[in-house]
Amino acid sequence: MTEQTIPRVAIIGATSAVAHAYCRRLLQSGPVSLVLAGRDRPALERIAADVTARGAVDVQIVAGEIGDPAQVPQLLEQVRGQGPVSLALIAYGVLGDQKAQQSSAQELVRLFNVNLVSAALWAEGFAAGFEQAGSGRLVIMGSVAGDRGRQSNYLYGASKAALERIAQGMSHRFAGNPEISVTLVKPGFIDTPMTDHIEGKGGPMWATPDKIATLADKAATARRNSLYAPFFWRWIMLIVRSLPVPIFHKTKL
Amino acid sequence: MTGELLSWGRAHRFQQDRYVLSPELLAREGLARVVDAQRSVIPFGLGRSYGDVALNEGGTVLQTPRLDALIHADWNTGIVRAEAGLSLAMLHKVSVQRGYFVAVTPGTKFVTLGGAVANDVHGKNHHQAGSFGAHVRALGLLRSDGTRLTCSREQNGEMFALTIGGLGLTGLIEWVELQLKPIGSAFLTVENMACTSLDEFFTLSHDSADWPYTVMWVDCFAKGKAVGRGIFSRGRVLDDGALEPHGDKGLSMPMTMPAFVLNKASITAFNRLYRMRPGARFAGRQHYDPFFYPLDAIDGWNKLYGPSGFYQHQCLIPPDEARKGIREMLEIVEQAGQGSFLAVLKVHGPETSPGVMSFCREGVSLALDFANKGERTLRLLDQLDQCVARHGGRIYPAKDGRMAAAFYQQSYPRWRELEEARDPAFSSSFWRRVTQEQGANS
């Protein structure tokens with residue numbers, strides 16, 4: 001295989017458990033060239049060593065404030081600097097503390113900057129590149145939390161809901177071009193460091209990062225526009241969305 | 001995080017804290033956050049040890065499976081360095097297609113590298129390859145005082161030899177460097193054959209010495225001349241270039257079975273069916289997954305033993321005493337009528353692992369398991385220990401949850417060296433049990 005035929009893949013938020021699992025999944029079907037972007041350089045170096053041992057070639061690290069909208073344009077330059085990207089995964093976000101976000105303007109702005117504004121900038125950046133190249137796949141990690149505003153996490157949910165609209169609109173934008181696709185993945189509970197503080201974690205509702213990564217990879221390969229991961233969240237969220245307001249407001253969800 | 005964490009035998013229910021180790025935390029602050037003067041810690045990987053070596057009642061267990069990255073791999077030489085929470089299953093997903101397999105594998109692929117080192121596990125090729133530790137080139141140890149030690153035969157050799165088989169007590173094993181074995185295929189040529197007696201087992205083992213993998217499943221209900229009856233199995237890796245790793249699919253045991261599912265009648269029936277099934281006379285080509293890991297196909301098979309769990313008993317008897325000792329053991333089990341459903345017999349070769357506290361050495365090992373029926377089971381296990389002791393043998397800490405301190409100290413006479421090298425912040429229920437109970441100062 002020559003260098004030209006090895007796909008160049010960009011992972012934004014590469015230190016997340018799902019992103020790391022996604023890289024490993026990709027490498028099971030053959031070598032890829034990887035750009036790993038994230039905030040924590042030692043953590044990125046750890047992932048880079050792992051994927052290199054698994055057959056990734058030409059692994060590049062881009063360390064910086066990937067969730068800061070002001071930084072995205074120049075980070076995007078670095079990510080795309082070494083050649084066109086044919087597959088990009090946007091897989092970072094913060095959950096934060098809803099109480100703090102309700103009472104602190106700074107926290108609220110940060111939440112939307114990280115989860116929404118910066119992610120939109122990355123997505124638009126990759127979309128422009130795909131348009132120019134005539135092909136490419138974009139995978140965005142959303143969340144089931146975006147399906148309905150709930151007292152416990154509506155601000156996080158709103159940031160993910162808006163990201164879903166962006167993905168949806170982009171899918172529409174590229175509907176005429178079978179070579180370009182945008183896939184929004186909506187996972188439920190994932191067993192990652194991000195959810196370690198949740199009491200009673202574990203059980204059939206919780207998926208491993210590898211499970212989510214596998215589903216995301218399949219969906220992106222099939223050029224699906226969106227999916228719940230695992231599938232059963234589709235039915236759970238259908239119920240959550242369909243509950244009439246008087247009943248919904250009696251719950252503590 | 002709290003919550004119940006069980007070992008594979010499910011017979012110990014301990015109150016202990018759980019702490020999930022993350023690579024970021026270890027890189028930033030080592031063990032500073034998890035170590036305090038009041039509570040000891042012990043690493044816990046995938047929970048495949050049967051008893052209490054990885055449990056820590058009243059203390060903290062450090063869960064390692066997130067430390068699962070490869071650090072370096074040279075696919076020309078088969079030298080791989082990886083974080084200690086990586087499982088053999090995950091390693092083989094990467095290495096098999098590149099023509100490498102671990103040099104020694106235990107009977108499940110769901111063990112971490114750290115656990116394999118700490119228990120110095122062995123497999124069906126012990127007579128040729130020794131234990132897992134014989135193929136460890138180096139390891140990284142993080143001590144509770146923040147020191148990081150690289151240990152190998154040449155560097156910190158004493159700590160290296162005490163960490164291999166050291167039951168996780170010398171500090172946190174952060175990474176392990178292994179020499180993998182080149183393979184020409186993911187498939188083996190396998191021969192399963194009926195064995196009608198213990199004498200025949202020794203003959204078959206002797207005649208199969210040039211087969212890399214040999215083991216025998218024993219029927220524990222056989223009496224008299226039939227003692228030692230079973231299915232002898234031997235295998236050799238092929239060279240046909242088919243390098244497919246194992247798949248992800250398997251059955252899963254969704255819940256704990258009621259205690260009556262495994263009883264004398266059902267085990268006898270199982271044993272008969274097992275001996276008569278077509279596979280018992282199988283000879284042919286088999287993938288490594290069903291050959292090495294038949295029980296991995298049923299996720300959570302340990303729940304078959306019901307809510308009280310079960311005990312394993314694996315002994316190793318020196319060569320001179322082996323025929324006599326193993327026969328006596330099997331007779332004790334048959335008379336007790338508490339039949340073991342998975343009894344495994346294996347001839348071991350000379351030990352080449354540097355592990356000071358490793359279980360393996362030359363001789364014959366017998367692994368048995370018994371549903372936990374309380375006192376009755378514990379009495380039988382004590383009786384088996386006495387038999388092992390009479391024949392100069394020892395039992396395997398990774399599978400033990402109840403041996404007496406005096407027996408442990410007698411059969412592992414160098415235990416004080418491990419106590420000396422132990423990280424002061426590390427301890428386990430097992431270690432306190434076998435070193436602090438009566439006889440500890442004898």
# chains A, B, ... in the order shown; residues from 1 in each chain; ligands from 1
>>> closest_atom_pairs(of="chain A", to="chain B", cutoff="10 Å", atoms="only C-alpha atoms", output="tab-separated table")
residue	atom	partner	partner_atom	distance
A:Thr15	CA	B:Glu24	CA	9.7
A:Ala17	CA	B:Arg66	CA	9.3
A:His20	CA	B:Ala69	CA	9.7
A:Arg24	CA	B:Val94	CA	9.4
A:Leu27	CA	B:Val94	CA	9.2
A:Gln28	CA	B:Val94	CA	7.7
A:Asp40	CA	B:Glu24	CA	9.0
A:Pro42	CA	B:Glu24	CA	8.1
A:Ala43	CA	B:Glu24	CA	6.4
A:Glu45	CA	B:Ile71	CA	9.8
A:Arg46	CA	B:Ile71	CA	7.2
A:Ile47	CA	B:Ala69	CA	7.2
A:Ala48	CA	B:Ile71	CA	9.0
A:Ala49	CA	B:Ile71	CA	5.4
A:Asp50	CA	B:Leu70	CA	4.5
A:Val51	CA	B:Leu70	CA	7.8
A:Thr52	CA	B:His72	CA	7.9
A:Ala53	CA	B:Ala73	CA	5.0
A:Arg54	CA	B:Val94	CA	6.4
A:Gly55	CA	B:Val94	CA	9.0
A:Thr192	CA	B:Arg66	CA	9.2
A:Pro193	CA	B:Ser22	CA	7.8
A:Asp196	CA	B:Met1	CA	8.1
A:His197	CA	B:Met1	CA	7.9
A:Ile198	CA	B:Met1	CA	9.2
A:Glu199	CA	B:Met1	CA	8.0
A:Gly200	CA	B:Gly3	CA	8.2
A:Lys201	CA	B:Gly3	CA	9.5
>>> residues_around(residues="B:Arg402", least_positions_apart="5", cutoff="10 Å", atoms="only C-alpha atoms", output="list in words")
Gly51, Asp52, Tyr311, Gln312, His313, Leu378, Leu381, Asp382, Pro397, Phe430, Arg433 and Val434 of chain B
>>> write_last_selection(atoms="all heavy atoms", output="JSON list (two decimals), in the first residue's frame")
[["chain", "number", "residue", "atom", "x", "y", "z"],
["B", 51, "GLY", "N", -9.78, -16.34, 44.65],
["B", 51, "GLY", "CA", -9.99, -16.14, 46.08],
["B", 51, "GLY", "C", -9.76, -14.70, 46.48],
["B", 51, "GLY", "O", -10.42, -13.79, 45.98],
["B", 52, "ASP", "N", -8.80, -14.49, 47.40],
["B", 52, "ASP", "CA", -8.66, -13.16, 47.99],
["B", 52, "ASP", "C", -7.31, -12.50, 47.73],
["B", 52, "ASP", "O", -6.96, -11.55, 48.40],
["B", 52, "ASP", "CB", -8.96, -13.21, 49.49],
["B", 52, "ASP", "CG", -8.14, -14.30, 50.21],
["B", 52, "ASP", "OD1", -7.36, -15.00, 49.54],
["B", 52, "ASP", "OD2", -8.29, -14.44, 51.43],
["B", 311, "TYR", "N", -15.09, -22.64, 45.53],
["B", 311, "TYR", "CA", -13.66, -22.59, 45.82],
["B", 311, "TYR", "C", -12.90, -23.39, 44.79],
["B", 311, "TYR", "O", -13.37, -24.44, 44.33],
["B", 311, "TYR", "CB", -13.38, -23.21, 47.20],
["B", 311, "TYR", "CG", -13.77, -22.33, 48.35],
["B", 311, "TYR", "CD1", -14.94, -22.56, 49.06],
["B", 311, "TYR", "CD2", -12.97, -21.26, 48.72],
["B", 311, "TYR", "CE1", -15.30, -21.74, 50.13],
["B", 311, "TYR", "CE2", -13.31, -20.43, 49.78],
["B", 311, "TYR", "CZ", -14.47, -20.68, 50.49],
["B", 311, "TYR", "OH", -14.82, -19.88, 51.53],
["B", 312, "GLN", "N", -11.72, -22.91, 44.44],
["B", 312, "GLN", "CA", -10.82, -23.68, 43.60],
["B", 312, "GLN", "C", -9.71, -24.23, 44.50],
["B", 312, "GLN", "O", -9.39, -23.63, 45.53],
["B", 312, "GLN", "CB", -10.17, -22.79, 42.55],
["B", 312, "GLN", "CG", -10.91, -22.73, 41.24],
["B", 312, "GLN", "CD", -10.28, -23.59, 40.16],
["B", 312, "GLN", "OE1", -9.16, -24.07, 40.31],
["B", 312, "GLN", "NE2", -11.01, -23.80, 39.07],
["B", 313, "HIS", "N", -9.16, -25.32, 44.07],
["B", 313, "HIS", "CA", -8.02, -25.87, 44.80],
["B", 313, "HIS", "C", -7.06, -26.37, 43.74],
["B", 313, "HIS", "O", -7.38, -27.28, 42.98],
["B", 313, "HIS", "CB", -8.49, -27.04, 45.68],
["B", 313, "HIS", "CG", -7.41, -27.55, 46.59],
["B", 313, "HIS", "ND1", -6.45, -28.45, 46.20],
["B", 313, "HIS", "CD2", -7.15, -27.27, 47.89],
["B", 313, "HIS", "CE1", -5.65, -28.70, 47.22],
["B", 313, "HIS", "NE2", -6.05, -28.00, 48.26],
["B", 378, "LEU", "N", -15.10, -26.55, 53.29],
["B", 378, "LEU", "CA", -13.83, -26.11, 53.88],
["B", 378, "LEU", "C", -13.09, -27.30, 54.50],
["B", 378, "LEU", "O", -11.86, -27.38, 54.42],
["B", 378, "LEU", "CB", -14.08, -25.01, 54.93],
["B", 378, "LEU", "CG", -14.59, -23.69, 54.32],
["B", 378, "LEU", "CD1", -15.01, -22.71, 55.41],
["B", 378, "LEU", "CD2", -13.53, -23.05, 53.42],
["B", 381, "LEU", "N", -11.44, -29.23, 51.76],
["B", 381, "LEU", "CA", -10.26, -28.52, 51.25],
["B", 381, "LEU", "C", -9.08, -28.66, 52.21],
["B", 381, "LEU", "O", -7.94, -28.82, 51.78],
["B", 381, "LEU", "CB", -10.61, -27.04, 51.00],
["B", 381, "LEU", "CG", -11.60, -26.82, 49.84],
["B", 381, "LEU", "CD1", -12.17, -25.41, 49.88],
["B", 381, "LEU", "CD2", -10.92, -27.07, 48.50],
["B", 382, "ASP", "N", -9.37, -28.64, 53.50],
["B", 382, "ASP", "CA", -8.30, -28.83, 54.49],
["B", 382, "ASP", "C", -7.70, -30.22, 54.37],
["B", 382, "ASP", "O", -6.49, -30.41, 54.47],
["B", 382, "ASP", "CB", -8.84, -28.63, 55.91],
["B", 382, "ASP", "CG", -8.99, -27.15, 56.24],
["B", 382, "ASP", "OD1", -8.39, -26.32, 55.52],
["B", 382, "ASP", "OD2", -9.73, -26.82, 57.19],
["B", 397, "PRO", "N", -1.76, -19.61, 45.18],
["B", 397, "PRO", "CA", -2.45, -18.49, 45.82],
["B", 397, "PRO", "C", -3.55, -17.87, 44.94],
["B", 397, "PRO", "O", -4.59, -17.46, 45.46],
["B", 397, "PRO", "CB", -1.32, -17.48, 46.08],
["B", 397, "PRO", "CG", -0.11, -18.33, 46.24],
["B", 397, "PRO", "CD", -0.29, -19.47, 45.27],
["B", 430, "PHE", "N", -5.59, -11.78, 51.29],
["B", 430, "PHE", "CA", -4.80, -13.01, 51.25],
["B", 430, "PHE", "C", -3.54, -12.87, 52.10],
["B", 430, "PHE", "O", -3.21, -13.72, 52.92],
["B", 430, "PHE", "CB", -4.42, -13.35, 49.81],
["B", 430, "PHE", "CG", -3.50, -14.54, 49.68],
["B", 430, "PHE", "CD1", -4.02, -15.82, 49.62],
["B", 430, "PHE", "CD2", -2.11, -14.38, 49.65],
["B", 430, "PHE", "CE1", -3.17, -16.93, 49.52],
["B", 430, "PHE", "CE2", -1.27, -15.48, 49.56],
["B", 430, "PHE", "CZ", -1.80, -16.75, 49.49],
["B", 433, "ARG", "N", -4.03, -12.81, 55.74],
["B", 433, "ARG", "CA", -4.49, -14.13, 56.20],
["B", 433, "ARG", "C", -3.33, -15.12, 56.34],
["B", 433, "ARG", "O", -3.26, -15.84, 57.33],
["B", 433, "ARG", "CB", -5.51, -14.66, 55.18],
["B", 433, "ARG", "CG", -6.10, -15.99, 55.49],
["B", 433, "ARG", "CD", -7.36, -16.22, 54.66],
["B", 433, "ARG", "NE", -7.12, -16.26, 53.22],
["B", 433, "ARG", "CZ", -6.56, -17.27, 52.56],
["B", 433, "ARG", "NH1", -6.19, -18.34, 53.21],
["B", 433, "ARG", "NH2", -6.38, -17.22, 51.26],
["B", 434, "VAL", "N", -2.43, -15.13, 55.36],
["B", 434, "VAL", "CA", -1.37, -16.16, 55.40],
["B", 434, "VAL", "C", -0.12, -15.72, 56.16],
["B", 434, "VAL", "O", 0.76, -16.54, 56.40],
["B", 434, "VAL", "CB", -0.97, -16.66, 53.99],
["B", 434, "VAL", "CG1", -2.17, -17.28, 53.28],
["B", 434, "VAL", "CG2", -0.34, -15.56, 53.16]]
>>> residues_around(residues="A:Asp58", least_positions_apart="4", cutoff="9 Å", atoms="only C-alpha atoms", output="PDB file with C-alpha atoms, in the first residue's frame")
ATOM      1  CA  VAL A  32      -4.557   4.918   8.928  1.00  0.00           C
ATOM      2  CA  SER A  33      -2.682   8.144   9.348  1.00  0.00           C
ATOM      3  CA  LEU A  34      -3.835  10.016  12.449  1.00  0.00           C
ATOM      4  CA  VAL A  35      -3.881  13.583  13.696  1.00  0.00           C
ATOM      5  CA  THR A  52       1.499   3.617  16.525  1.00  0.00           C
TER       6      THR A  52
END
>>> closest_residue(among="B:Ala161, B:Val102, B:Val41, B:Ile332", to="B:His122", atoms="only C-alpha atoms")
B:Val102
>>> atom_distance(atom1="atom CA of B:Asn271", atom2="atom CA of B:Val344")
12.8 Å
>>> select_by_dssp(residues="stretch 165-379 of chain B", states="strand (DSSP E)", output="number ranges by chain")
B: 172-179, 181-182, 187-195, 213-218, 230-237, 251-252, 283-287, 298-299, 310-317, 343-348, 363-371
>>> residues_around(residues="A:Gln78", least_positions_apart="6", cutoff="10 Å", atoms="only C-alpha atoms", output="number ranges by chain")
A: 35, 37, 60-63, 72
>>> closest_residue(among="B:Ala421, B:Gln386, B:Ser7, B:Pro106", to="B:Pro294", atoms="only C-alpha atoms")
B:Pro106
>>> residues_around(residues="stretch 156-171 of chain A", least_positions_apart="4", cutoff="6 Å", atoms="only C-alpha atoms", output="ChimeraX atom specification")
/A:112,115-116,142,145-146,175,182
>>> atom_distance(atom1="atom CA of B:Ser427", atom2="atom CA of B:Thr377")
26.8 Å
>>> closest_residue(among="A:Ala21, A:Leu138, A:Val117, A:Leu95", to="A:Val9", atoms="only C-alpha atoms")
A:Leu138
>>> residues_around(residues="A:Thr214", least_positions_apart="2", cutoff="9 Å", atoms="only C-alpha atoms", output="JSON, numbers by chain")
{"A": [21, 22, 25, 26, 209, 210, 211, 212, 216, 217, 218, 219]}
>>> select_by_dssp(residues="stretch 121-341 of chain B", states="alpha helix (DSSP H)", output="MDAnalysis selection string")
chainID B and resid 126:129 157:163 198:207 264:276 288:292 319:336
>>> atom_distance(atom1="atom CA of B:Ala404", atom2="atom CA of B:Gly300")
28.6 Å
>>> closest_residue(among="B:Cys195, B:Ile164, B:Leu26, B:Ala297", to="B:Cys360", atoms="only C-alpha atoms")
B:Ile164
>>> decode(residues="stretch 145-172 of chain A", atoms="N, CA, C and O atoms", output="CSV table (one decimal), in the first residue's frame")
chain,number,residue,atom,x,y,z
A,145,ALA,N,-29.0,13.4,25.8
A,145,ALA,CA,-29.5,14.5,26.6
A,145,ALA,C,-30.1,15.6,25.8
A,145,ALA,O,-30.8,16.5,26.4
A,146,GLY,N,-29.7,15.7,24.5
A,146,GLY,CA,-30.3,16.8,23.7
A,146,GLY,C,-31.7,16.6,23.3
A,146,GLY,O,-32.3,17.4,22.6
A,147,ASP,N,-32.3,15.4,23.6
A,147,ASP,CA,-33.6,15.1,23.1
A,147,ASP,C,-34.8,15.8,23.8
A,147,ASP,O,-35.8,16.0,23.2
A,148,ARG,N,-34.6,16.2,25.0
A,148,ARG,CA,-35.6,16.9,25.7
A,148,ARG,C,-35.0,17.6,26.9
A,148,ARG,O,-34.2,17.1,27.6
A,149,GLY,N,-35.4,18.9,27.1
A,149,GLY,CA,-34.9,19.6,28.3
A,149,GLY,C,-35.4,19.1,29.6
A,149,GLY,O,-36.6,18.9,29.8
A,150,ARG,N,-34.5,18.7,30.4
A,150,ARG,CA,-34.8,18.2,31.7
A,150,ARG,C,-34.2,19.0,32.8
A,150,ARG,O,-33.0,19.4,32.7
A,151,GLN,N,-34.8,19.1,34.0
A,151,GLN,CA,-34.3,20.0,35.0
A,151,GLN,C,-32.9,19.7,35.4
A,151,GLN,O,-32.1,20.6,35.7
A,152,SER,N,-32.5,18.4,35.3
A,152,SER,CA,-31.2,18.1,35.9
A,152,SER,C,-30.0,18.5,35.0
A,152,SER,O,-28.9,18.7,35.4
A,153,ASN,N,-30.2,18.6,33.6
A,153,ASN,CA,-29.1,18.9,32.8
A,153,ASN,C,-29.5,19.6,31.4
A,153,ASN,O,-29.0,19.2,30.4
A,154,TYR,N,-30.5,20.5,31.5
A,154,TYR,CA,-31.0,21.1,30.3
A,154,TYR,C,-29.9,22.0,29.6
A,154,TYR,O,-30.0,22.1,28.4
A,155,LEU,N,-29.0,22.5,30.3
A,155,LEU,CA,-28.0,23.4,29.7
A,155,LEU,C,-27.0,22.5,28.8
A,155,LEU,O,-26.8,22.8,27.7
A,156,TYR,N,-26.5,21.4,29.4
A,156,TYR,CA,-25.7,20.5,28.7
A,156,TYR,C,-26.5,20.0,27.5
A,156,TYR,O,-26.1,19.9,26.4
A,157,GLY,N,-27.8,19.6,27.8
A,157,GLY,CA,-28.7,19.0,26.8
A,157,GLY,C,-28.9,20.0,25.6
A,157,GLY,O,-28.9,19.7,24.4
A,158,ALA,N,-29.0,21.3,26.0
A,158,ALA,CA,-29.2,22.3,24.9
A,158,ALA,C,-28.0,22.5,24.0
A,158,ALA,O,-28.1,22.6,22.8
A,159,SER,N,-26.8,22.4,24.6
A,159,SER,CA,-25.6,22.5,23.8
A,159,SER,C,-25.5,21.3,22.8
A,159,SER,O,-25.1,21.5,21.7
A,160,LYS,N,-25.9,20.1,23.3
A,160,LYS,CA,-25.9,18.9,22.4
A,160,LYS,C,-27.0,18.9,21.4
A,160,LYS,O,-26.9,18.4,20.3
A,161,ALA,N,-28.2,19.5,21.8
A,161,ALA,CA,-29.3,19.6,20.9
A,161,ALA,C,-28.9,20.6,19.7
A,161,ALA,O,-29.2,20.3,18.5
A,162,ALA,N,-28.3,21.7,20.0
A,162,ALA,CA,-27.9,22.6,19.0
A,162,ALA,C,-26.8,22.0,18.0
A,162,ALA,O,-26.9,22.1,16.8
A,163,LEU,N,-25.9,21.2,18.6
A,163,LEU,CA,-25.0,20.5,17.8
A,163,LEU,C,-25.6,19.5,16.8
A,163,LEU,O,-25.2,19.3,15.7
A,164,GLU,N,-26.7,18.9,17.3
A,164,GLU,CA,-27.5,18.0,16.5
A,164,GLU,C,-28.1,18.7,15.3
A,164,GLU,O,-28.1,18.2,14.2
A,165,ARG,N,-28.6,19.9,15.6
A,165,ARG,CA,-29.2,20.7,14.5
A,165,ARG,C,-28.1,21.0,13.4
A,165,ARG,O,-28.4,21.0,12.2
A,166,ILE,N,-26.9,21.3,13.9
A,166,ILE,CA,-25.9,21.6,12.9
A,166,ILE,C,-25.5,20.4,12.1
A,166,ILE,O,-25.5,20.5,10.9
A,167,ALA,N,-25.4,19.2,12.8
A,167,ALA,CA,-25.1,18.0,12.0
A,167,ALA,C,-26.3,17.7,11.0
A,167,ALA,O,-26.0,17.3,9.9
A,168,GLN,N,-27.5,17.9,11.5
A,168,GLN,CA,-28.6,17.6,10.7
A,168,GLN,C,-28.6,18.5,9.4
A,168,GLN,O,-28.8,18.1,8.3
A,169,GLY,N,-28.4,19.8,9.7
A,169,GLY,CA,-28.3,20.8,8.5
A,169,GLY,C,-27.2,20.5,7.6
A,169,GLY,O,-27.4,20.6,6.3
A,170,MET,N,-26.1,20.0,8.1
A,170,MET,CA,-25.0,19.7,7.2
A,170,MET,C,-25.3,18.4,6.4
A,170,MET,O,-24.9,18.4,5.2
A,171,SER,N,-26.0,17.5,7.0
A,171,SER,CA,-26.4,16.3,6.2
A,171,SER,C,-27.3,16.7,5.1
A,171,SER,O,-27.1,16.2,3.9
A,172,HIS,N,-28.1,17.7,5.3
A,172,HIS,CA,-29.0,18.2,4.3
A,172,HIS,C,-28.2,18.9,3.2
A,172,HIS,O,-28.4,18.7,2.0
